[in-house]
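Enquirer: Structure in structure tokens, see below.
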There are 2 protein chains.
Amino acid sequence: MAMIFPSRRVRRTPFSAGVEAAGMSVCTVYNRMILPSVFASQEEDYRHLKTHVQVWDVAVERQVAVQGPDARRLLDMLSPRDLDRMAANQCYYMPAIDRSGGMLNDPVLVKLAEDHFWISIADSDYLLYVLGIADALELDVRVWEPDVSPLAVQGPQANALMARVFGPSVRDIRFFRYKRLAFEGREMVVARSGYSKQGGFEIYVEGQEYGMPLWDALFKAGEDLEVRAGCPSTMERTEGGLLSYGNDMDRSNTPFEVGLGKFVNSPKDYIGKEGLMARSEPERQIRAVEIGGEIPLIDREWPLFADGRKVGRVSTAARSPDFQTNVSIAMVERSHWDAGTRLEVETPDGMRPAEVKDRFWA
Amino acid sequence: MAMIFPSRRVRRTPFSAGVEAAGMSVCTVYNRMILPSVFASQEEDYRHLKTHVQVWDVAVERQVAVQGPDARRLLDMLSPRDLDRMAANQCYYMPAIDRSGGMLNDPVLVKLAEDHFWISIADSDYLLYVLGIADALELDVRVWEPDVSPLAVQGPQANALMARVFGPSVRDIRFFRYKRLAFEGREMVVARSGYSKQGGFEIYVEGQEYGMPLWDALFKAGEDLEVRAGCPSTMERTEGGLLSYGNDMDRSNTPFEVGLGKFVNSPKDYIGKEGLMARSEPERQIRAVEIGGEIPLIDREWPLFADGRKVGRVSTAARSPDFQTNVSIAMVERSHWDAGTRLEVETPDGMRPAEVKDRFWA
């Protein structure tokens with residue numbers, strides 16, 4: 001692993017001071033911003049996440065704010081998912097596609113008002129696509145990146161910790177719903193969501209100045225809960241089959257290939273509808289694939305072979321301490337995607353046996 | 001500095017094996033791809049660049065390919081710079097803006113044919129803006145990221161080294177022009193350009209498989225020229241006033257603020273023309289600012305003060321061994337942008353004296 005060179009272009013977050021004090025040892029760059037990757041060790045972070053509660057700096061989940069008279073019209077042009085029944089306190093996982101149905105991002109859409117939305121993005125400047133549409137058609141809408149930085153609270157004790165800081169009503173927030181709750185007099189969107197399978201919340205912190213006070217309040221309130229700084233865990237997310245844009249999918253993939261077909265249901269004439277419909281029977285699809293032997297960290301795709309022919313690729317892989325095997329996320333051709341199919345995967349350290357599973361581990 | 005976590009999302013380049021063997025010690029992430037930052041040390045890399053010749057993996061300069069019957073129409077909608085006299089072997093530095101005149105990128109446009117262009121981008125997914133325009137208007141054009149990875153050869157001995165590998169005709173390539181020259185039977189675009197003031201070339205390497213053979217050929221041919229692996233040098237580029245998108249400018253800036261007003265001359269009705277014209281008299285502008293004392297590495301903007309009032313910000317700064325001072329790139333308000341104006345800059349290590357210069361150092 002190389003060190004990362006400091007520059008303004010790779011942005012700090014409102015929580016960076018807390019993250020550094022908590023001992024971040026390894027990080028990555030996501031949406032041109034620092035995202036922690038490891039604090040104590042991969043395995044220790046993973047074990048703690050599954051046992052206690054963690055606070056995650058996920059400010060890298062930048063918001064694309066869309067507001068104005070044409071906001072809903074613009075969203076209807078962008079979303080393959082039907083937005084008609086989206087409630088005013090709801091979050092939608094939404095495939096973001098281009099004219100041909102290729103994935104540009106896999107954001108969470110947050111509805112703030114009928115004419116005001118946040119598109120909470122994965123790692124690509126989806127803002128620029130939204131802006132391109134708005135500028136080309138001269139829509140009456142503003143598209144910008146607001147000063148909003150999500151902070152996630154994840155783990156089995158997330159309810160307990162959040163109730164202490166935001167009050168007991170956090171317990172009533174349903175999955176992918178949010179409430180506006182006050183911290184030091186400032187209302188914040190608090191959603192039940194997050195990039196783990198352990199349960200928890202994401203707090204959309206508006207304004208740099210509330211970052212460290214909220215961070216500190218969570219750590220103070222959670223001392224006896226053994227709260228720690230954490231971050232998305234490759235081990236945990238791979239066990240759970242949580243996908244990562246740029247790792248497990250990119251513009252060459254359709255929503256159908258990455259298991260998001262159920263969110264393609266808009267009756268509107270959105271951009272890419274025709275392209276998508278022509279590709280609704282995928283020839284390859286995301287699968288859970290178990291890998292035997294010892295594997296290195298993955299920093300490029302690993303080809304999957306059957307009888308010497310390439311039939312897919314692994315894009316995320318990690319050792320799973322709990323399942324005592326190597327878990328991975330792969331794109332596999334139809335001919336070989338049935339559960340139980342035995343394959344080989346080519347890692348930089350050599351060939352390893354692999355098997356398609358019927359589901360992810362957790 | 002933290003270590004960077006390996007993942008497929010942060011992409012390797014066709015030259016990564018060479019870069020690693022050459023001893024890259026520090027890197028950054030640029031367009032979701034690894035960009036080397038330091039090999040031996042910042043100062044040793046800088047000194048070598050100014051004396052000999054270096055090979056740079058700048059594959060991070062991704063290309064936005066635009067091809068088809070509507071390619072030129074689309075470019076005319078995007079470019080504030082008049083493209084009418086652009087030659088078929090020419091490269092244009094082109095401000096890329098939105099509807100209001102805000103900078104989205106500062107790419108180099110490479111004309112391959114009347115209906116085929118590459119937009120060689122800085123660090124933002126400008127592809128998505130171009131694609132948004134094309135998709136919204138259903139233009140008859142293809143917009144994609146081709147498998148093209150620039151390799152730069154920079155330094156006083158660049159002519160000598162390149163002539164040995166591509167033949168003597170490289171010497172006749174004029175600044176921001178290119179020739180198609182063969183390497184191992186494969187034609188490549190070879191342009192006289194690059195992100196240093198030391199002179200040199202950028203080779204647009206099409207196809208992964210030519211990456212390491214070309215890398216190795218350059219090192220073999222340049223042994224007696226003391227060729228080394230290098231990378232953009234913050235010290236050298238700051239002395240020369242070479243700007244960096246994301247560091248020195250972003251969407252909140254106009255081309256006029258960042259000294260690109262001379263490239264705003266298109267007679268066409270491009271997107272953002274009206275917005276830009278309303279902002280043609282900037283209230284702040286990029287300046288060379290000299291900073292006294294010792295300074296740390298810069299990883300956030302440093303505010304500039306005059307009499308306790310904020311009048312700008314430093315976005316890039318470095319010690320200059322050759323000029324024996326600290327050189328920086330700053331955005332300064334009109335009231336304080338005259339050469340000789342004395343200011344103070346707030347670094348994380350404390351206040352430092354600063355002075356606006358009449359020009360960059362080199």
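Here's how to read the names in the structure tokens: chain A, B, ... by the order shown, residue numbers from 1 in each chain, ligand numbers from 1 in the order shown.
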Skipping near chain neighbours, those fewer than 4 positions away, what residues fall within 6 Å of A:His116 using only C-alpha atoms, listed as an MDAnalysis selection string?
Expert: chainID A and resid 66:67 112
Enquirer: Would you list the contacts of B:Arg32 as a list of chain:residue names, taking every protein, DNA or RNA residue within 8 Å and counting only C-alpha atoms, but skipping same-chain residues closer than 4 positions in sequence?
Expert: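 Residues meeting the cut-off are A:Val29, A:Tyr30, B:Arg9, B:Val10, B:Arg11, B:Val60.
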Enquirer: Please find the residues of chain B near chain A - the criterion being any atom within 8 Å, counting only C-alpha atoms - and write them as a tab-separated table (two decimals) with C-alpha atoms, in the first residue's frame.
Expert:
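Output file iface.tsv is given in full below:
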```
chain	number	residue	atom	x	y	z
B	1	MET	CA	-0.19	10.71	5.59
B	2	ALA	CA	-2.43	7.63	5.62
B	3	MET	CA	-2.01	4.51	3.52
B	4	ILE	CA	-4.44	3.92	0.64
B	5	PHE	CA	-6.63	0.82	0.68
B	6	PRO	CA	-6.58	-1.33	-2.47
B	7	SER	CA	-9.83	-1.75	-4.40
B	8	ARG	CA	-10.91	-2.18	-8.00
B	9	ARG	CA	-12.78	1.15	-7.78
B	10	VAL	CA	-9.46	2.99	-7.48
B	11	ARG	CA	-8.11	1.81	-10.79
B	12	ARG	CA	-4.64	0.69	-11.75
B	24	MET	CA	6.50	5.01	-6.14
B	25	SER	CA	6.28	5.89	-2.44
B	26	VAL	CA	3.35	8.33	-2.32
B	27	CYS	CA	0.36	8.65	-4.63
B	28	THR	CA	-3.00	10.31	-4.99
B	29	VAL	CA	-6.31	9.37	-6.60
B	30	TYR	CA	-7.41	11.28	-9.68
B	32	ARG	CA	-10.72	7.20	-9.60
B	37	SER	CA	3.00	11.80	-6.30
B	98	ASP	CA	-22.12	24.97	-16.94
B	99	ARG	CA	-25.16	27.14	-17.75
B	124	SER	CA	-14.05	15.44	-12.55
B	125	ASP	CA	-16.43	13.22	-14.52
B	126	TYR	CA	-16.96	15.76	-17.28
B	128	LEU	CA	-21.30	12.77	-17.44
B	129	TYR	CA	-22.06	16.40	-18.32
B	130	VAL	CA	-21.33	15.80	-22.01
B	131	LEU	CA	-23.45	12.65	-21.90
B	132	GLY	CA	-26.30	14.46	-20.13
B	133	ILE	CA	-26.44	17.04	-22.93
B	135	ASP	CA	-28.96	12.19	-23.94
B	136	ALA	CA	-31.34	15.08	-23.21
B	137	LEU	CA	-31.24	16.31	-26.80
B	245	TYR	CA	-8.94	21.61	-11.14
B	246	GLY	CA	-10.23	20.76	-7.67
B	247	ASN	CA	-7.28	22.49	-6.05
B	271	ILE	CA	-24.37	26.63	-23.13
B	297	LEU	CA	1.91	20.44	3.22
B	298	ILE	CA	-1.42	21.94	2.14
B	299	ASP	CA	-4.54	19.77	2.35
B	300	ARG	CA	-7.25	22.43	2.65
B	301	GLU	CA	-7.59	26.06	1.62
B	315	SER	CA	-5.15	26.57	-2.74
B	316	THR	CA	-1.71	25.21	-3.68
```
Enquirer: Hey, which bits of stretch 6-97 of chain B sit within 12 Å of stretch 182-205 of chain B, and for each residue what's the closest pair of atoms and how far apart in Å (one decimal), counting only C-alpha atoms, rows by chain and increasing number, as JSON lines?
Expert:
```
{"residue": "B:Thr13", "atom": "CA", "partner": "B:Val205", "partner_atom": "CA", "distance": 11.1}
{"residue": "B:Pro14", "atom": "CA", "partner": "B:Val205", "partner_atom": "CA", "distance": 9.1}
{"residue": "B:Phe15", "atom": "CA", "partner": "B:Val205", "partner_atom": "CA", "distance": 10.3}
{"residue": "B:Tyr46", "atom": "CA", "partner": "B:Ser196", "partner_atom": "CA", "distance": 10.5}
{"residue": "B:Arg47", "atom": "CA", "partner": "B:Gln198", "partner_atom": "CA", "distance": 11.3}
{"residue": "B:His48", "atom": "CA", "partner": "B:Gln198", "partner_atom": "CA", "distance": 10.9}
{"residue": "B:Leu49", "atom": "CA", "partner": "B:Gln198", "partner_atom": "CA", "distance": 7.5}
{"residue": "B:Lys50", "atom": "CA", "partner": "B:Gln198", "partner_atom": "CA", "distance": 6.4}
{"residue": "B:Thr51", "atom": "CA", "partner": "B:Gln198", "partner_atom": "CA", "distance": 9.0}
{"residue": "B:His52", "atom": "CA", "partner": "B:Gln198", "partner_atom": "CA", "distance": 9.6}
{"residue": "B:Val53", "atom": "CA", "partner": "B:Gly200", "partner_atom": "CA", "distance": 8.7}
{"residue": "B:Gln54", "atom": "CA", "partner": "B:Gly200", "partner_atom": "CA", "distance": 9.4}
{"residue": "B:Val55", "atom": "CA", "partner": "B:Glu202", "partner_atom": "CA", "distance": 9.7}
{"residue": "B:Trp56", "atom": "CA", "partner": "B:Glu202", "partner_atom": "CA", "distance": 9.0}
{"residue": "B:Asp57", "atom": "CA", "partner": "B:Glu202", "partner_atom": "CA", "distance": 10.0}
{"residue": "B:Val58", "atom": "CA", "partner": "B:Glu202", "partner_atom": "CA", "distance": 8.8}
{"residue": "B:Ala59", "atom": "CA", "partner": "B:Tyr204", "partner_atom": "CA", "distance": 8.7}
{"residue": "B:Val60", "atom": "CA", "partner": "B:Tyr204", "partner_atom": "CA", "distance": 11.5}
{"residue": "B:Glu61", "atom": "CA", "partner": "B:Tyr204", "partner_atom": "CA", "distance": 9.7}
{"residue": "B:Arg62", "atom": "CA", "partner": "B:Tyr204", "partner_atom": "CA", "distance": 9.9}
{"residue": "B:Gln63", "atom": "CA", "partner": "B:Tyr204", "partner_atom": "CA", "distance": 9.4}
{"residue": "B:Ala88", "atom": "CA", "partner": "B:Val189", "partner_atom": "CA", "distance": 11.9}
{"residue": "B:Asn89", "atom": "CA", "partner": "B:Ala191", "partner_atom": "CA", "distance": 8.9}
{"residue": "B:Gln90", "atom": "CA", "partner": "B:Ala191", "partner_atom": "CA", "distance": 8.5}
{"residue": "B:Cys91", "atom": "CA", "partner": "B:Ala191", "partner_atom": "CA", "distance": 8.0}
{"residue": "B:Tyr92", "atom": "CA", "partner": "B:Ser193", "partner_atom": "CA", "distance": 10.5}
{"residue": "B:Tyr93", "atom": "CA", "partner": "B:Ser193", "partner_atom": "CA", "distance": 10.5}
```
Enquirer: From a DSSP pass on the backbone, collect the residues of stretch 25-90 of chain A flagged as strand (DSSP E or B) and hand them back as JSON, numbers by chain.
Expert: {"A": [26, 27, 28, 29, 30, 33, 34, 35, 36, 37, 38, 54, 55, 56, 57, 63, 64, 65, 66, 67, 90]}
Enquirer: Considering only C-alpha atoms, can you say which of B:Ile291, B:Leu75, B:Ala65, B:Leu260 comes closest to B:Ser120?
Expert: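 Closest candidate: B:Ala65.
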Enquirer: What separation in Å, quoted to one decimal, exists between atom CA of B:Gly102 and atom CA of B:Arg81?
Expert: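 For atom CA of B:Gly102 relative to atom CA of B:Arg81, the distance reads 14.7 Å.
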Enquirer: Need the shell around stretch 318-330 of chain A: protein/DNA/RNA residues with any atom at most 9 Å away, counting only C-alpha atoms. Skip same-chain ones fewer than 2 positions apart. Format as a PyMOL selection string?
Expert: chain A and resi 43+46-47+234-236+238-239+241-243+248+285-298+304+312-316+332+356+360-361
Enquirer: Can you build me a table of stretch 205-298 of chain A residues sitting at most 12 Å from stretch 163-176 of chain A, with the closest atom pair per residue and its distance in Å to one decimal, using only C-alpha atoms, sorted by chain and residue number, as CSV?
Expert:
```
residue,atom,partner,partner_atom,distance
A:Pro213,CA,A:Val165,CA,11.5
A:Leu214,CA,A:Val165,CA,8.8
A:Trp215,CA,A:Val165,CA,10.6
A:Asp216,CA,A:Val165,CA,10.7
A:Ala217,CA,A:Val165,CA,7.1
A:Leu218,CA,A:Val165,CA,6.7
A:Phe219,CA,A:Val165,CA,10.0
A:Lys220,CA,A:Val165,CA,9.6
A:Ala221,CA,A:Arg164,CA,6.6
A:Gly222,CA,A:Arg164,CA,8.3
A:Glu223,CA,A:Arg164,CA,11.5
A:Asp224,CA,A:Arg164,CA,12.0
A:Leu225,CA,A:Arg164,CA,11.2
```
Enquirer: Go ahead and write the selection's residues with N, CA and C atoms as a JSON list (two decimals), in the first residue's frame.
Expert:
```
[["chain", "number", "residue", "atom", "x", "y", "z"],
["A", 213, "PRO", "N", -19.08, 18.75, 16.83],
["A", 213, "PRO", "CA", -19.95, 18.67, 18.02],
["A", 213, "PRO", "C", -20.82, 17.40, 18.03],
["A", 214, "LEU", "N", -21.37, 17.03, 16.87],
["A", 214, "LEU", "CA", -22.19, 15.82, 16.82],
["A", 214, "LEU", "C", -21.32, 14.58, 17.03],
["A", 215, "TRP", "N", -20.18, 14.56, 16.37],
["A", 215, "TRP", "CA", -19.22, 13.44, 16.54],
["A", 215, "TRP", "C", -18.90, 13.26, 18.02],
["A", 216, "ASP", "N", -18.54, 14.35, 18.66],
["A", 216, "ASP", "CA", -18.15, 14.28, 20.08],
["A", 216, "ASP", "C", -19.34, 13.85, 20.96],
["A", 217, "ALA", "N", -20.52, 14.35, 20.65],
["A", 217, "ALA", "CA", -21.71, 14.01, 21.45],
["A", 217, "ALA", "C", -22.00, 12.51, 21.37],
["A", 218, "LEU", "N", -21.82, 11.93, 20.18],
["A", 218, "LEU", "CA", -22.07, 10.49, 20.02],
["A", 218, "LEU", "C", -21.05, 9.67, 20.81],
["A", 219, "PHE", "N", -19.82, 10.11, 20.79],
["A", 219, "PHE", "CA", -18.79, 9.35, 21.53],
["A", 219, "PHE", "C", -18.98, 9.49, 23.03],
["A", 220, "LYS", "N", -19.38, 10.68, 23.46],
["A", 220, "LYS", "CA", -19.60, 10.88, 24.90],
["A", 220, "LYS", "C", -20.78, 10.03, 25.38],
["A", 221, "ALA", "N", -21.86, 10.07, 24.59],
["A", 221, "ALA", "CA", -23.07, 9.34, 25.00],
["A", 221, "ALA", "C", -22.88, 7.82, 24.94],
["A", 222, "GLY", "N", -21.93, 7.38, 24.12],
["A", 222, "GLY", "CA", -21.81, 5.94, 23.88],
["A", 222, "GLY", "C", -20.67, 5.26, 24.60],
["A", 223, "GLU", "N", -20.07, 5.96, 25.55],
["A", 223, "GLU", "CA", -18.89, 5.40, 26.21],
["A", 223, "GLU", "C", -19.13, 3.98, 26.75],
["A", 224, "ASP", "N", -20.21, 3.82, 27.48],
["A", 224, "ASP", "CA", -20.47, 2.49, 28.08],
["A", 224, "ASP", "C", -20.98, 1.49, 27.04],
["A", 225, "LEU", "N", -21.31, 1.97, 25.83],
["A", 225, "LEU", "CA", -21.71, 1.05, 24.75],
["A", 225, "LEU", "C", -20.48, 0.62, 23.94]]
```
Enquirer: If we count only C-alpha atoms, what is near B:Gly308 at a cut-off of 12 Å, once residues fewer than 6 positions away on the same chain are taken out, given as JSON, numbers by chain?
Expert: {"B": [343, 344, 345, 346, 351]}
